[in-house]
Structures are given as C-alpha cells and as structure tokens.
$ cat query.csv   # CSV, C-alpha atoms
chain,number,residue,atom,x,y,z
A,1,MET,CA,-101.2,279.0,15.9
A,2,SER,CA,-101.0,275.8,17.8
A,3,ALA,CA,-101.7,275.5,21.6
A,4,ASP,CA,-98.0,274.6,22.1
A,5,GLN,CA,-97.0,278.1,20.9
A,6,MET,CA,-100.0,280.0,22.3
A,7,ILE,CA,-99.6,279.1,26.0
A,8,PRO,CA,-96.0,280.3,26.3
A,9,LEU,CA,-96.9,283.5,24.3
A,10,MET,CA,-99.9,284.1,26.6
A,11,ILE,CA,-97.7,283.7,29.7
A,12,LEU,CA,-94.9,286.0,28.3
A,13,GLY,CA,-97.5,288.6,27.4
A,14,MET,CA,-99.1,288.5,30.8
A,15,ALA,CA,-95.7,288.8,32.5
A,16,LEU,CA,-94.8,291.9,30.3
A,17,ILE,CA,-98.1,293.6,30.9
A,18,ASN,CA,-97.7,293.1,34.7
A,19,LEU,CA,-94.3,294.6,34.6
A,20,ALA,CA,-95.4,297.5,32.4
A,21,ILE,CA,-98.0,298.5,35.1
A,22,ARG,CA,-95.9,297.7,38.2
A,23,TRP,CA,-92.5,299.1,37.3
A,24,PRO,CA,-92.8,302.7,35.7
A,25,VAL,CA,-93.9,304.6,38.9
A,26,TYR,CA,-90.8,303.3,40.8
A,27,LEU,CA,-88.5,303.6,37.7
A,28,PHE,CA,-89.3,307.3,37.2
A,29,ALA,CA,-89.8,308.1,40.8
A,30,ASN,CA,-87.3,310.9,40.8
A,31,HIS,CA,-88.8,312.7,37.8
A,32,PHE,CA,-92.4,313.2,38.8
A,33,ARG,CA,-94.6,313.7,41.8
A,34,PHE,CA,-98.3,313.4,41.8
A,35,PRO,CA,-100.4,316.6,42.1
A,36,PRO,CA,-101.6,317.3,45.7
A,37,ILE,CA,-105.2,316.3,45.0
A,38,VAL,CA,-104.0,312.9,43.7
A,39,GLU,CA,-101.9,312.4,46.8
A,40,ARG,CA,-104.9,313.2,48.9
A,41,ALA,CA,-107.0,310.7,46.9
A,42,LEU,CA,-104.3,308.1,47.4
A,43,ALA,CA,-104.9,308.2,51.1
A,44,PHE,CA,-108.3,306.6,50.4
A,45,VAL,CA,-106.9,303.9,48.2
A,46,PRO,CA,-106.3,301.1,50.8
A,47,VAL,CA,-109.8,301.6,52.4
A,48,ALA,CA,-111.6,301.6,49.1
A,49,VAL,CA,-109.7,298.8,47.3
A,50,LEU,CA,-109.6,296.4,50.3
A,51,THR,CA,-113.3,297.0,51.0
A,52,ALA,CA,-114.1,296.4,47.3
A,53,ILE,CA,-112.3,293.0,47.6
A,54,ILE,CA,-113.7,292.0,50.9
A,55,VAL,CA,-117.5,292.7,50.5
A,56,PRO,CA,-118.1,290.8,47.3
A,57,THR,CA,-116.0,287.9,48.5
A,58,VAL,CA,-118.2,287.6,51.6
A,59,LEU,CA,-121.6,288.3,49.9
A,60,TYR,CA,-121.0,286.1,46.8
A,61,PRO,CA,-119.7,282.9,48.2
A,62,GLY,CA,-118.8,279.8,46.2
A,63,ASP,CA,-118.6,280.4,42.5
A,64,GLY,CA,-119.4,284.1,42.9
A,65,THR,CA,-122.6,284.3,40.9
A,66,ALA,CA,-125.4,284.4,43.6
A,67,LEU,CA,-125.8,287.2,46.3
A,68,ALA,CA,-126.0,285.6,49.8
A,69,LEU,CA,-127.3,288.5,52.0
A,70,THR,CA,-128.7,286.0,54.5
A,71,TRP,CA,-128.0,284.8,58.1
A,72,LYS,CA,-127.3,281.4,56.6
A,73,ASN,CA,-124.1,282.8,55.0
A,74,PRO,CA,-121.4,281.9,57.6
A,75,ALA,CA,-118.8,284.2,56.0
A,76,LEU,CA,-121.2,287.2,56.5
A,77,LEU,CA,-121.7,286.5,60.3
A,78,ALA,CA,-118.0,285.7,60.8
A,79,SER,CA,-117.1,289.0,59.0
A,80,LEU,CA,-119.3,290.9,61.4
A,81,VAL,CA,-117.6,289.2,64.3
A,82,ALA,CA,-114.2,290.2,62.8
A,83,VAL,CA,-115.3,293.8,62.3
A,84,ALA,CA,-116.4,294.0,66.0
A,85,VAL,CA,-113.2,292.4,67.3
A,86,SER,CA,-111.0,294.7,65.1
A,87,TYR,CA,-113.0,297.8,66.2
A,88,PHE,CA,-112.6,297.0,70.0
A,89,SER,CA,-109.2,295.4,70.0
A,90,LYS,CA,-107.4,297.1,67.1
A,91,ASN,CA,-105.3,293.9,67.0
A,92,LEU,CA,-104.7,292.2,63.7
A,93,PHE,CA,-104.0,288.7,65.0
A,94,ALA,CA,-107.0,288.8,67.4
A,95,THR,CA,-109.2,289.8,64.5
A,96,ILE,CA,-107.9,287.0,62.3
A,97,GLY,CA,-108.2,284.4,65.0
A,98,ALA,CA,-111.7,285.4,66.1
A,99,GLY,CA,-112.9,285.6,62.5
A,100,VAL,CA,-111.5,282.2,61.4
A,101,VAL,CA,-112.8,280.5,64.5
A,102,ALA,CA,-116.2,282.1,64.1
A,103,PHE,CA,-116.3,281.1,60.5
A,104,LEU,CA,-115.5,277.4,61.3
A,105,ILE,CA,-118.0,277.2,64.1
A,106,LEU,CA,-120.8,278.9,62.0
A,107,ARG,CA,-120.1,276.8,59.0
A,108,TRP,CA,-120.5,273.7,61.2
A,109,LEU,CA,-123.7,275.1,62.8
A,110,LEU,CA,-125.2,276.2,59.5
A,111,PRO,CA,-124.7,273.4,57.0
A,112,VAL,CA,-125.5,274.7,53.5
B,113,MET,CA,-77.0,281.5,64.7
B,114,SER,CA,-79.9,280.7,67.0
B,115,ALA,CA,-83.4,282.1,66.8
B,116,SER,CA,-83.0,284.3,69.9
B,117,ASP,CA,-79.8,285.7,68.4
B,118,LEU,CA,-81.8,286.7,65.3
B,119,LEU,CA,-84.5,288.3,67.4
B,120,ASP,CA,-82.0,290.2,69.6
B,121,ARG,CA,-80.5,292.0,66.6
B,122,ARG,CA,-81.2,295.6,66.3
B,123,MET,CA,-84.8,296.2,65.2
B,124,ASP,CA,-83.7,298.4,62.2
B,125,SER,CA,-80.8,296.3,61.0
B,126,PRO,CA,-81.4,294.6,57.6
B,127,GLY,CA,-81.9,291.2,59.2
B,128,GLY,CA,-84.2,292.6,61.9
B,129,GLU,CA,-86.3,294.4,59.3
B,130,ALA,CA,-86.4,291.3,57.1
B,131,LEU,CA,-87.6,289.1,59.9
B,132,ARG,CA,-90.3,291.5,60.9
B,133,GLY,CA,-91.4,291.9,57.3
B,134,LEU,CA,-91.7,288.2,57.0
B,135,ARG,CA,-93.5,287.9,60.3
B,136,ASP,CA,-96.1,290.6,59.3
B,137,THR,CA,-96.6,288.9,56.0
B,138,LEU,CA,-97.3,285.4,57.5
B,139,PRO,CA,-101.1,285.9,57.8
B,140,PHE,CA,-101.3,286.7,54.1
B,141,MET,CA,-99.1,283.7,53.3
B,142,PHE,CA,-101.5,281.5,55.1
B,143,GLY,CA,-104.4,283.3,53.5
B,144,SER,CA,-103.1,282.7,50.0
B,145,ILE,CA,-102.6,278.9,50.5
B,146,PRO,CA,-106.1,278.1,49.2
B,147,PHE,CA,-105.6,280.4,46.3
B,148,GLY,CA,-102.3,278.8,45.3
B,149,MET,CA,-103.8,275.4,45.6
B,150,LEU,CA,-107.0,276.4,43.8
B,151,PHE,CA,-105.0,277.9,41.0
B,152,GLY,CA,-102.9,274.7,40.6
B,153,THR,CA,-106.0,272.5,40.5
B,154,LEU,CA,-108.1,274.8,38.4
B,155,ALA,CA,-105.5,275.3,35.8
B,156,LEU,CA,-105.1,271.6,35.3
B,157,ALA,CA,-108.9,271.2,35.1
B,158,LYS,CA,-109.0,273.9,32.4
B,159,GLY,CA,-106.4,272.0,30.3
B,160,LEU,CA,-103.1,273.7,31.1
B,161,ASP,CA,-100.3,271.3,31.6
B,162,PRO,CA,-98.4,271.2,34.9
B,163,LEU,CA,-95.3,273.0,33.4
B,164,ALA,CA,-97.4,275.9,32.0
B,165,THR,CA,-99.3,276.2,35.3
B,166,MET,CA,-96.0,276.4,37.2
B,167,ALA,CA,-94.5,278.9,34.7
B,168,MET,CA,-97.5,281.2,35.1
B,169,SER,CA,-97.0,281.4,38.8
B,170,LEU,CA,-93.2,281.9,38.4
B,171,PHE,CA,-93.4,284.6,35.7
B,172,VAL,CA,-96.8,286.3,36.0
B,173,PHE,CA,-97.1,286.2,39.9
B,174,SER,CA,-100.5,287.8,39.9
B,175,GLY,CA,-103.2,285.6,41.5
B,176,SER,CA,-106.3,287.3,40.2
B,177,ALA,CA,-104.9,287.6,36.6
B,178,GLN,CA,-103.8,284.0,36.6
B,179,PHE,CA,-107.3,282.8,37.7
B,180,ILE,CA,-109.0,284.9,35.0
B,181,ALA,CA,-106.5,283.8,32.4
B,182,VAL,CA,-107.2,280.0,32.9
B,183,VAL,CA,-111.0,280.6,33.2
B,184,LEU,CA,-110.9,282.6,29.9
B,185,LEU,CA,-108.6,280.1,28.3
B,186,GLY,CA,-111.0,277.3,29.4
B,187,ALA,CA,-113.9,279.2,27.7
B,188,GLY,CA,-111.9,279.4,24.5
B,189,SER,CA,-110.9,283.1,24.6
B,190,GLY,CA,-108.1,284.4,22.5
B,191,LEU,CA,-104.8,285.8,23.6
B,192,TRP,CA,-105.9,289.5,23.3
B,193,VAL,CA,-108.9,288.9,25.7
B,194,VAL,CA,-106.6,287.3,28.2
B,195,TRP,CA,-104.0,290.1,27.9
B,196,PHE,CA,-106.7,292.8,28.1
B,197,ALA,CA,-108.1,291.2,31.3
B,198,THR,CA,-104.6,291.0,32.8
B,199,PHE,CA,-104.2,294.7,32.0
B,200,VAL,CA,-107.5,295.9,33.5
B,201,LEU,CA,-107.1,293.6,36.6
B,202,ASN,CA,-103.7,295.0,37.4
B,203,LEU,CA,-104.4,298.7,36.9
B,204,ARG,CA,-104.9,298.9,40.7
B,205,HIS,CA,-101.1,298.4,40.9
B,206,LEU,CA,-100.7,302.0,39.6
B,207,LEU,CA,-102.5,303.2,42.7
B,208,TYR,CA,-100.4,300.9,45.0
B,209,ALA,CA,-97.1,302.1,43.5
B,210,ALA,CA,-98.2,305.7,43.7
B,211,THR,CA,-99.1,305.2,47.4
B,212,LEU,CA,-95.7,303.7,48.2
B,213,VAL,CA,-93.4,305.6,45.8
B,214,ASP,CA,-92.3,308.2,48.4
B,215,HIS,CA,-90.8,305.5,50.5
B,216,VAL,CA,-88.7,303.9,47.7
B,217,ARG,CA,-87.7,307.1,45.9
B,218,HIS,CA,-84.3,307.3,47.6
B,219,LEU,CA,-83.3,303.7,46.7
B,220,SER,CA,-81.2,302.6,43.7
B,221,GLN,CA,-82.9,301.2,40.6
B,222,ALA,CA,-81.4,297.8,41.4
B,223,TRP,CA,-83.6,297.9,44.6
B,224,ARG,CA,-86.6,299.6,43.0
B,225,PHE,CA,-87.0,296.9,40.3
B,226,PRO,CA,-87.7,293.9,42.5
B,227,LEU,CA,-89.8,296.0,44.9
B,228,ALA,CA,-92.0,297.0,41.9
B,229,ALA,CA,-92.0,293.6,40.1
B,230,PHE,CA,-92.9,291.6,43.2
B,231,LEU,CA,-95.5,294.0,44.7
B,232,THR,CA,-98.8,292.1,45.3
B,233,ASP,CA,-102.1,293.1,47.0
B,234,GLU,CA,-100.9,291.4,50.2
B,235,THR,CA,-97.4,293.1,50.3
B,236,PHE,CA,-99.1,296.4,49.5
B,237,ALA,CA,-101.4,295.9,52.5
B,238,VAL,CA,-98.4,295.0,54.7
B,239,MET,CA,-96.2,297.9,53.5
B,240,GLU,CA,-99.0,300.6,53.6
B,241,ARG,CA,-99.6,299.6,57.2
B,242,ARG,CA,-95.9,299.5,58.1
B,243,TYR,CA,-95.2,303.0,56.7
B,244,ARG,CA,-98.3,304.4,58.2
B,245,THR,CA,-97.7,303.1,61.7
B,246,GLN,CA,-93.9,303.0,62.0
B,247,GLY,CA,-92.7,305.3,59.2
B,248,GLY,CA,-89.7,304.4,57.0
B,249,GLY,CA,-86.3,303.8,58.5
B,250,PRO,CA,-82.8,303.2,57.0
B,251,ASN,CA,-83.5,299.5,56.2
B,252,ALA,CA,-87.3,299.5,55.6
B,253,HIS,CA,-86.6,298.2,52.1
B,254,TRP,CA,-85.4,294.9,53.7
B,255,TYR,CA,-88.8,294.6,55.4
B,256,TYR,CA,-90.4,295.2,52.0
B,257,ILE,CA,-88.3,292.7,50.1
B,258,ALA,CA,-88.8,290.1,52.7
B,259,SER,CA,-92.5,290.5,52.4
B,260,CYS,CA,-92.2,290.2,48.6
B,261,PHE,CA,-90.1,287.1,48.6
B,262,GLY,CA,-92.2,285.5,51.4
B,263,MET,CA,-95.3,285.9,49.2
B,264,TYR,CA,-93.4,284.8,46.1
B,265,LEU,CA,-91.9,281.6,47.5
B,266,ASN,CA,-95.2,280.8,49.2
B,267,TRP,CA,-97.1,281.2,45.9
B,268,GLN,CA,-94.8,278.9,44.1
B,269,PHE,CA,-94.9,276.3,46.8
B,270,TRP,CA,-98.7,276.2,47.0
B,271,THR,CA,-99.1,276.3,43.2
B,272,PHE,CA,-96.9,273.3,43.1
B,273,THR,CA,-98.8,271.6,45.9
B,274,GLY,CA,-102.1,272.4,44.2
B,275,ILE,CA,-100.9,270.8,41.0
B,276,THR,CA,-99.8,267.7,42.9
B,277,VAL,CA,-102.6,267.3,45.4
B,278,GLY,CA,-105.3,268.6,43.1
B,279,GLN,CA,-104.9,265.6,40.9
B,280,HIS,CA,-105.8,263.3,43.8
B,281,PHE,CA,-108.2,265.4,45.9
B,282,PRO,CA,-110.4,267.6,43.7
B,283,GLU,CA,-112.6,268.5,46.7
B,284,VAL,CA,-109.8,270.7,48.1
B,285,GLN,CA,-111.8,273.6,46.4
B,286,ASN,CA,-114.3,273.4,49.2
B,287,TRP,CA,-112.0,274.0,52.2
B,288,GLY,CA,-113.2,277.6,52.6
B,289,LEU,CA,-109.7,278.7,53.9
B,290,GLU,CA,-109.8,281.8,51.7
B,291,PHE,CA,-111.8,283.3,54.6
B,292,ALA,CA,-108.4,283.8,56.4
B,293,MET,CA,-107.6,286.4,53.7
B,294,VAL,CA,-111.0,288.2,54.2
B,295,VAL,CA,-110.5,288.6,57.9
B,296,THR,CA,-106.9,289.7,57.4
B,297,PHE,CA,-108.2,292.5,55.2
B,298,ILE,CA,-110.9,293.4,57.7
B,299,GLY,CA,-108.3,293.7,60.4
B,300,ILE,CA,-106.4,296.2,58.3
B,301,VAL,CA,-109.4,298.2,57.0
B,302,VAL,CA,-111.4,298.7,60.3
B,303,PRO,CA,-108.6,300.6,62.2
B,304,LEU,CA,-108.3,302.9,59.1
B,305,LEU,CA,-112.0,304.1,59.5
B,306,THR,CA,-111.1,307.0,61.8
B,307,SER,CA,-113.3,309.7,60.3
B,308,MET,CA,-116.5,310.1,58.3
B,309,PRO,CA,-114.8,310.5,54.9
B,310,TYR,CA,-113.0,307.1,55.4
B,311,LEU,CA,-116.2,305.4,56.6
B,312,ALA,CA,-118.1,306.8,53.6
B,313,ALA,CA,-115.3,305.7,51.2
B,314,ALA,CA,-115.5,302.1,52.6
B,315,LEU,CA,-119.4,302.0,52.5
B,316,THR,CA,-119.4,303.3,48.9
B,317,ALA,CA,-116.7,300.9,47.7
B,318,GLY,CA,-118.5,298.0,49.4
B,319,LEU,CA,-121.9,298.9,48.0
B,320,VAL,CA,-120.7,299.5,44.4
B,321,ALA,CA,-118.6,296.3,44.5
B,322,VAL,CA,-121.7,294.3,45.3
B,323,ILE,CA,-123.8,296.0,42.7
B,324,ALA,CA,-121.1,295.8,40.0
B,325,ASN,CA,-120.0,292.3,40.9
B,326,PRO,CA,-121.6,290.7,37.8
B,327,LEU,CA,-119.5,292.9,35.5
B,328,PRO,CA,-116.8,290.9,33.6
B,329,TYR,CA,-113.0,291.1,34.1
B,330,LYS,CA,-113.4,292.2,37.7
B,331,LEU,CA,-114.3,295.7,36.3
B,332,GLY,CA,-116.5,296.0,39.5
B,333,LEU,CA,-113.4,296.1,41.6
B,334,MET,CA,-112.0,299.1,39.7
B,335,LEU,CA,-115.4,300.9,39.6
B,336,ALA,CA,-116.0,300.3,43.3
B,337,SER,CA,-112.5,301.5,44.3
B,338,LEU,CA,-112.8,304.7,42.2
B,339,ALA,CA,-116.3,305.4,43.6
B,340,GLY,CA,-115.0,305.0,47.2
B,341,ILE,CA,-112.0,307.2,46.5
B,342,VAL,CA,-114.1,310.0,44.9
B,343,VAL,CA,-116.7,310.0,47.7
B,344,GLY,CA,-113.9,310.0,50.3
B,345,VAL,CA,-112.1,312.9,48.7
B,346,LEU,CA,-115.3,315.0,48.2
B,347,LEU,CA,-116.2,314.6,51.9
B,348,ASP,CA,-112.6,315.3,52.9
B,349,ILE,CA,-112.7,318.5,50.9
B,350,ARG,CA,-116.0,319.5,52.4
B,351,LYS,CA,-114.6,318.8,55.9
B,352,ARG,CA,-111.1,320.3,55.6
B,353,GLY,CA,-111.2,322.6,52.6
B,354,LEU,CA,-109.6,322.4,49.2
B,355,ASP,CA,-106.0,323.1,50.2
B,356,ALA,CA,-105.5,320.8,53.2
B,357,PRO,CA,-102.6,318.4,52.9
B,358,ALA,CA,-103.0,314.6,52.4
B,359,ASN,CA,-103.2,312.8,55.7
B,360,GLY,CA,-102.2,309.3,54.5
B,361,THR,CA,-99.1,309.0,56.7
B,362,LYS,CA,-99.5,309.2,60.4
B,363,ALA,CA,-96.1,308.2,61.7
B,364,GLU,CA,-97.1,309.0,65.3
B,365,ASP,CA,-99.7,306.3,65.2
B,366,PRO,CA,-98.4,303.6,67.7
B,367,GLY,CA,-99.6,300.6,65.8
B,368,PRO,CA,-100.3,297.2,67.4

$ encode --input "query.csv" --output "structure tokens"
Amino acid sequence: MSADQMIPLMILGMALINLAIRWPVYLFANHFRFPPIVERALAFVPVAVLTAIIVPTVLYPGDGTALALTWKNPALLASLVAVAVSYFSKNLFATIGAGVVAFLILRWLLPV
Amino acid sequence: MSASDLLDRRMDSPGGEALRGLRDTLPFMFGSIPFGMLFGTLALAKGLDPLATMAMSLFVFSGSAQFIAVVLLGAGSGLWVVWFATFVLNLRHLLYAATLVDHVRHLSQAWRFPLAAFLTDETFAVMERRYRTQGGGPNAHWYYIASCFGMYLNWQFWTFTGITVGQHFPEVQNWGLEFAMVVTFIGIVVPLLTSMPYLAAALTAGLVAVIANPLPYKLGLMLASLAGIVVGVLLDIRKRGLDAPANGTKAEDPGP
C-alpha cells in the first residue's frame, strides 16, 4: 500500500474508532443503566483521570522522558502555588491566573 | 443585537446557556492553543502533508490520539499499531460518557450524536463541573454543545495556525503555554477533594501515573485512573457502607 492510500485510511480508521467509543453510551442511553457500584465508582472518575493527566505533565517536563522532582522545575512550584490558591479561594480563574503568573516568573528566575 | 442584550437574556434560555457554556470553556480553549499549534508543527515534521494534518484535526478531533498517531507514524509503525493506540487512549471516553449520560438521556438522538462525537477531555471537565454545581436545566444541552463547538473550532483554528506558523518558527514548541491547561485542571480537581476517599483517589492516581509514565501508548493514564478509582471506592465503602448511594452530583453546591 502506498503512503497516498495509507494516510487517508489511517485517518478514517481513527475517526471510526473514536466514534465507536464515544457514541454507544449515549446512543443506547434509554436501554441500560450502570449498576450502583459502577455509578459510585464514576463519582471518582474526574478526580482520578484529571490527576493522572496533571501529575506526569508537571513532573515529566519537555519530551516527557525524565522525572524532574526538583525545585528547579518551575511547573512543579507553580502547580503548588495553584493548588494553594485553589484550596483557599475555590475560584477557577484566580487559580489559573496565579498559576500561570507563578510559572512565568519562576521560569524566568530558574533558567534551565 | 448588542453584547449587553445577549447578557440580559434569561440565564436558562438556549442563547444564555450557550454563552455561558462558551465562557466556561474559554480557559480550555486558551489551554489547547499550544497543543493545536504543536500538533500542526509536529505532524509536518513527521512527514504528514498539510492537508492530511488538517484532515486529522477535522475528522479525528482527539488531541492525544492525533499526537500519538504522528509520533508512531514517524517511527514507521503500521496502521494497526496506530489504530490500537487510538483505541486504548480513548477508552477513558467510556467513563466520561457514563458519567454524563444521565443528563442527556432525555434528549433526541439528533442531539445525543453531536454531544457524544464532540466530547473531549476539556468539555467533559466543563460539563461535569456544571452538572455538579448547577444541575441540569431545560436548555443545559445548549451549554454543552457550545462548549463542544468552541473546542472544535478552536482546535481547527490552532491546528491551521500551527501548520502555517510552524513552518517559519519551529521554536514555538518551547513556549510552555501548555501549563495553562495544567492549572485549569488543578483548579477543577482541588475543590473536588472534599473527603478522605477523594483525596486518596487523587494521591493514588498521581503516584501511579508517575510510576507508570514510561509505559507505551499512555497506558499509564488508564492504569493510574483505575487505581485511583478503586482506592476511592474501597475507602468510600469502608466509610459509608456497601449500600450507600453515589454522591457524584451535589446540586446544592453553590459553585463559583
């Protein structure tokens, strides 16, 4: 198969796979409900998934291969600032603002 | 119609809901700017032509899967490897859909299809928060679809910009703007940590995600999510017994 045919086929396949995962739960929403234990587990999904995205992004900066559990990692310090601001203010925009500003300042203070 | 007319409309009208959905998605639209641009530049660097790069954003609309696909493609992987990675990476969408399905069950299939097809990590985060803090409402699906299309158009625009700009300024990869996405997620997660089971779920997920990070195909993300959920549920059962109801929706929560 030539690359000319392979790329469109790859994109089509990816689009169909995405749809096959995203659509069925809504499509058949009237015909099934999740068991209570599953619904209870789903309450933990946002916390677990979002944390699992955040922590490696912060601790493996750059190309994502080296762990940077050090004070010289501006993303780590700025994340701690964001956690503190979020905890005390409960305000999303204050958290984003404080976190981004802290990151920019720290990255300027701690050149890699 | 002026901007103040738009803002004066009833909060739960379709237009009012759509405006608020778009507004609450804005931080994520900013947060995904570097990813869209990175994807545009990276795909070109890995040998995809501009048309195929744009087509992938238009038809696949899944940032993480698109990134993995061009990286795998650049490494000479076959179609089946790319498709398998796409599948594994997007399994988390089953959990997202299952979390939100109670709020779309009453809608027609014509509504449910776009709400399913255009659901992303970001819109999930926005919708989960909205339903938890403000509950549903007669036109909540307008809020939802506005979030979807905001993210979609934003992704197309920045992919296109990345393709264009990336050819001239390759150093755009070092902007570090992706940190906006990280702090946005932090601002959502921290207020959710209201009891020991939730705190333990977050700590477990974070720890496992770091340990499992070297695993291929972002398997670490699935493993860490599952570990966090299992620990959270076990502690919740120990605390409140086996038959307690789910406490995912707290409509009385005032929100920001």

$ closest_atom_pairs --input "query.csv" --of "chain A" --to "chain B" --cutoff "8 Å" --atoms "only C-alpha atoms" --output "Markdown table"
| residue | atom | partner | partner_atom | distance |
| --- | --- | --- | --- | --- |
| A:Met6 | CA | B:Leu191 | CA | 7.6 |
| A:Ile7 | CA | B:Ala164 | CA | 7.1 |
| A:Pro8 | CA | B:Ala164 | CA | 7.3 |
| A:Met10 | CA | B:Leu191 | CA | 6.0 |
| A:Ile11 | CA | B:Met168 | CA | 6.0 |
| A:Leu12 | CA | B:Phe171 | CA | 7.7 |
| A:Gly13 | CA | B:Trp195 | CA | 6.7 |
| A:Met14 | CA | B:Trp195 | CA | 5.9 |
| A:Ala15 | CA | B:Val172 | CA | 4.4 |
| A:Ile17 | CA | B:Phe199 | CA | 6.3 |
| A:Asn18 | CA | B:Asn202 | CA | 6.8 |
| A:Leu19 | CA | B:Ala229 | CA | 6.0 |
| A:Ile21 | CA | B:Leu206 | CA | 6.3 |
| A:Arg22 | CA | B:Ala228 | CA | 5.4 |
| A:Trp23 | CA | B:Ala228 | CA | 5.1 |
| A:Val25 | CA | B:Ala209 | CA | 6.1 |
| A:Tyr26 | CA | B:Arg224 | CA | 6.0 |
| A:Leu27 | CA | B:Gln221 | CA | 6.7 |
| A:Ala29 | CA | B:Arg217 | CA | 5.6 |
| A:Asn30 | CA | B:Arg217 | CA | 6.4 |
| A:Phe34 | CA | B:Ala210 | CA | 7.9 |
| A:Pro36 | CA | B:Pro357 | CA | 7.4 |
| A:Ile37 | CA | B:Ala358 | CA | 7.9 |
| A:Glu39 | CA | B:Ala358 | CA | 6.1 |
| A:Arg40 | CA | B:Ala358 | CA | 4.2 |
| A:Ala41 | CA | B:Val345 | CA | 5.8 |
| A:Leu42 | CA | B:Thr211 | CA | 6.0 |
| A:Ala43 | CA | B:Gly360 | CA | 4.5 |
| A:Phe44 | CA | B:Ile341 | CA | 5.4 |
| A:Val45 | CA | B:Ile341 | CA | 6.3 |
| A:Pro46 | CA | B:Ala237 | CA | 7.3 |
| A:Val47 | CA | B:Ala314 | CA | 5.7 |
| A:Ala48 | CA | B:Ser337 | CA | 4.9 |
| A:Val49 | CA | B:Ser337 | CA | 4.9 |
| A:Leu50 | CA | B:Phe297 | CA | 6.4 |
| A:Thr51 | CA | B:Gly318 | CA | 5.5 |
| A:Ala52 | CA | B:Gly318 | CA | 5.1 |
| A:Ile53 | CA | B:Leu333 | CA | 6.8 |
| A:Ile54 | CA | B:Val294 | CA | 5.7 |
| A:Val55 | CA | B:Gly318 | CA | 5.5 |
| A:Pro56 | CA | B:Val322 | CA | 5.4 |
| A:Thr57 | CA | B:Val294 | CA | 7.6 |
| A:Val58 | CA | B:Val294 | CA | 7.7 |
| A:Leu59 | CA | B:Val322 | CA | 7.6 |
| A:Thr65 | CA | B:Pro326 | CA | 7.2 |
| A:Ala75 | CA | B:Phe291 | CA | 7.2 |
| A:Ser79 | CA | B:Val295 | CA | 6.7 |
| A:Ala82 | CA | B:Val295 | CA | 6.3 |
| A:Val83 | CA | B:Ile298 | CA | 6.4 |
| A:Ser86 | CA | B:Gly299 | CA | 5.5 |
| A:Tyr87 | CA | B:Val302 | CA | 6.2 |
| A:Lys90 | CA | B:Pro303 | CA | 6.1 |
| A:Asn91 | CA | B:Pro368 | CA | 6.0 |
| A:Leu92 | CA | B:Gly299 | CA | 5.1 |
| A:Thr95 | CA | B:Gly299 | CA | 5.7 |
| A:Ile96 | CA | B:Val295 | CA | 5.4 |
| A:Gly99 | CA | B:Val295 | CA | 6.0 |
| A:Val100 | CA | B:Ala292 | CA | 6.1 |
| A:Phe103 | CA | B:Phe291 | CA | 7.7 |

$ atom_distance --input "query.csv" --atom1 "CA of Ala66 (chain A)" --atom2 "CA of Ala78 (chain A)"
18.8 Å

$ atom_distance --input "query.csv" --atom1 "CA of Ala94 (chain A)" --atom2 "CA of Leu138 (chain B)"
14.3 Å

$ atom_distance --input "query.csv" --atom1 "CA of Ala155 (chain B)" --atom2 "CA of Val182 (chain B)"
5.8 Å

$ closest_residue --input "query.csv" --among "B:Gly262, B:Gly248, B:Gly175, B:Gly188" --to "Phe142 (chain B)" --atoms "all atoms listed in the file"
B:Gly262

$ closest_residue --input "query.csv" --among "B:Ser307, B:Thr273, B:Asn251, B:Gln279" --to "Ala130 (chain B)" --atoms "only C-alpha atoms"
B:Asn251

$ decode --input "query.csv" --residues "region 9-50 of chain A" --atoms "C-alpha atoms" --output "PDB file, in the first residue's frame"
ATOM      1  CA  LEU A   9      -7.165   5.053   5.603  1.00  0.00           C
ATOM      2  CA  MET A  10      -5.390   5.710   8.920  1.00  0.00           C
ATOM      3  CA  ILE A  11      -7.402   8.907   9.493  1.00  0.00           C
ATOM      4  CA  LEU A  12     -10.692   7.205   8.556  1.00  0.00           C
ATOM      5  CA  GLY A  13      -9.941   4.317  10.931  1.00  0.00           C
ATOM      6  CA  MET A  14      -9.060   6.666  13.786  1.00  0.00           C
ATOM      7  CA  ALA A  15     -12.269   8.651  13.228  1.00  0.00           C
ATOM      8  CA  LEU A  16     -14.384   5.465  13.288  1.00  0.00           C
ATOM      9  CA  ILE A  17     -12.632   4.095  16.405  1.00  0.00           C
ATOM     10  CA  ASN A  18     -13.234   7.382  18.223  1.00  0.00           C
ATOM     11  CA  LEU A  19     -16.911   7.329  17.295  1.00  0.00           C
ATOM     12  CA  ALA A  20     -17.236   3.658  18.290  1.00  0.00           C
ATOM     13  CA  ILE A  21     -16.062   4.562  21.805  1.00  0.00           C
ATOM     14  CA  ARG A  22     -17.787   7.924  22.236  1.00  0.00           C
ATOM     15  CA  TRP A  23     -21.242   7.249  20.767  1.00  0.00           C
ATOM     16  CA  PRO A  24     -22.731   3.940  22.115  1.00  0.00           C
ATOM     17  CA  VAL A  25     -23.286   5.031  25.737  1.00  0.00           C
ATOM     18  CA  TYR A  26     -25.415   7.997  24.588  1.00  0.00           C
ATOM     19  CA  LEU A  27     -26.998   6.070  21.683  1.00  0.00           C
ATOM     20  CA  PHE A  28     -28.327   3.314  23.970  1.00  0.00           C
ATOM     21  CA  ALA A  29     -28.861   5.586  26.977  1.00  0.00           C
ATOM     22  CA  ASN A  30     -32.512   4.557  27.373  1.00  0.00           C
ATOM     23  CA  HIS A  31     -31.816   0.830  27.381  1.00  0.00           C
ATOM     24  CA  PHE A  32     -29.315   0.373  30.110  1.00  0.00           C
ATOM     25  CA  ARG A  33     -28.233   1.855  33.396  1.00  0.00           C
ATOM     26  CA  PHE A  34     -24.987   1.172  35.143  1.00  0.00           C
ATOM     27  CA  PRO A  35     -25.089  -0.959  38.326  1.00  0.00           C
ATOM     28  CA  PRO A  36     -24.988   1.121  41.575  1.00  0.00           C
ATOM     29  CA  ILE A  37     -21.383   0.182  42.339  1.00  0.00           C
ATOM     30  CA  VAL A  38     -20.352   1.426  38.885  1.00  0.00           C
ATOM     31  CA  GLU A  39     -22.212   4.716  39.381  1.00  0.00           C
ATOM     32  CA  ARG A  40     -20.449   5.067  42.715  1.00  0.00           C
ATOM     33  CA  ALA A  41     -17.098   4.439  41.039  1.00  0.00           C
ATOM     34  CA  LEU A  42     -17.896   7.033  38.378  1.00  0.00           C
ATOM     35  CA  ALA A  43     -18.037   9.719  41.083  1.00  0.00           C
ATOM     36  CA  PHE A  44     -14.274   9.216  41.387  1.00  0.00           C
ATOM     37  CA  VAL A  45     -13.560   9.422  37.636  1.00  0.00           C
ATOM     38  CA  PRO A  46     -12.916  13.184  37.332  1.00  0.00           C
ATOM     39  CA  VAL A  47     -10.544  13.301  40.313  1.00  0.00           C
ATOM     40  CA  ALA A  48      -8.634  10.196  39.218  1.00  0.00           C
ATOM     41  CA  VAL A  49      -8.366  10.932  35.479  1.00  0.00           C
ATOM     42  CA  LEU A  50      -7.551  14.639  35.776  1.00  0.00           C
TER      43      LEU A  50
END
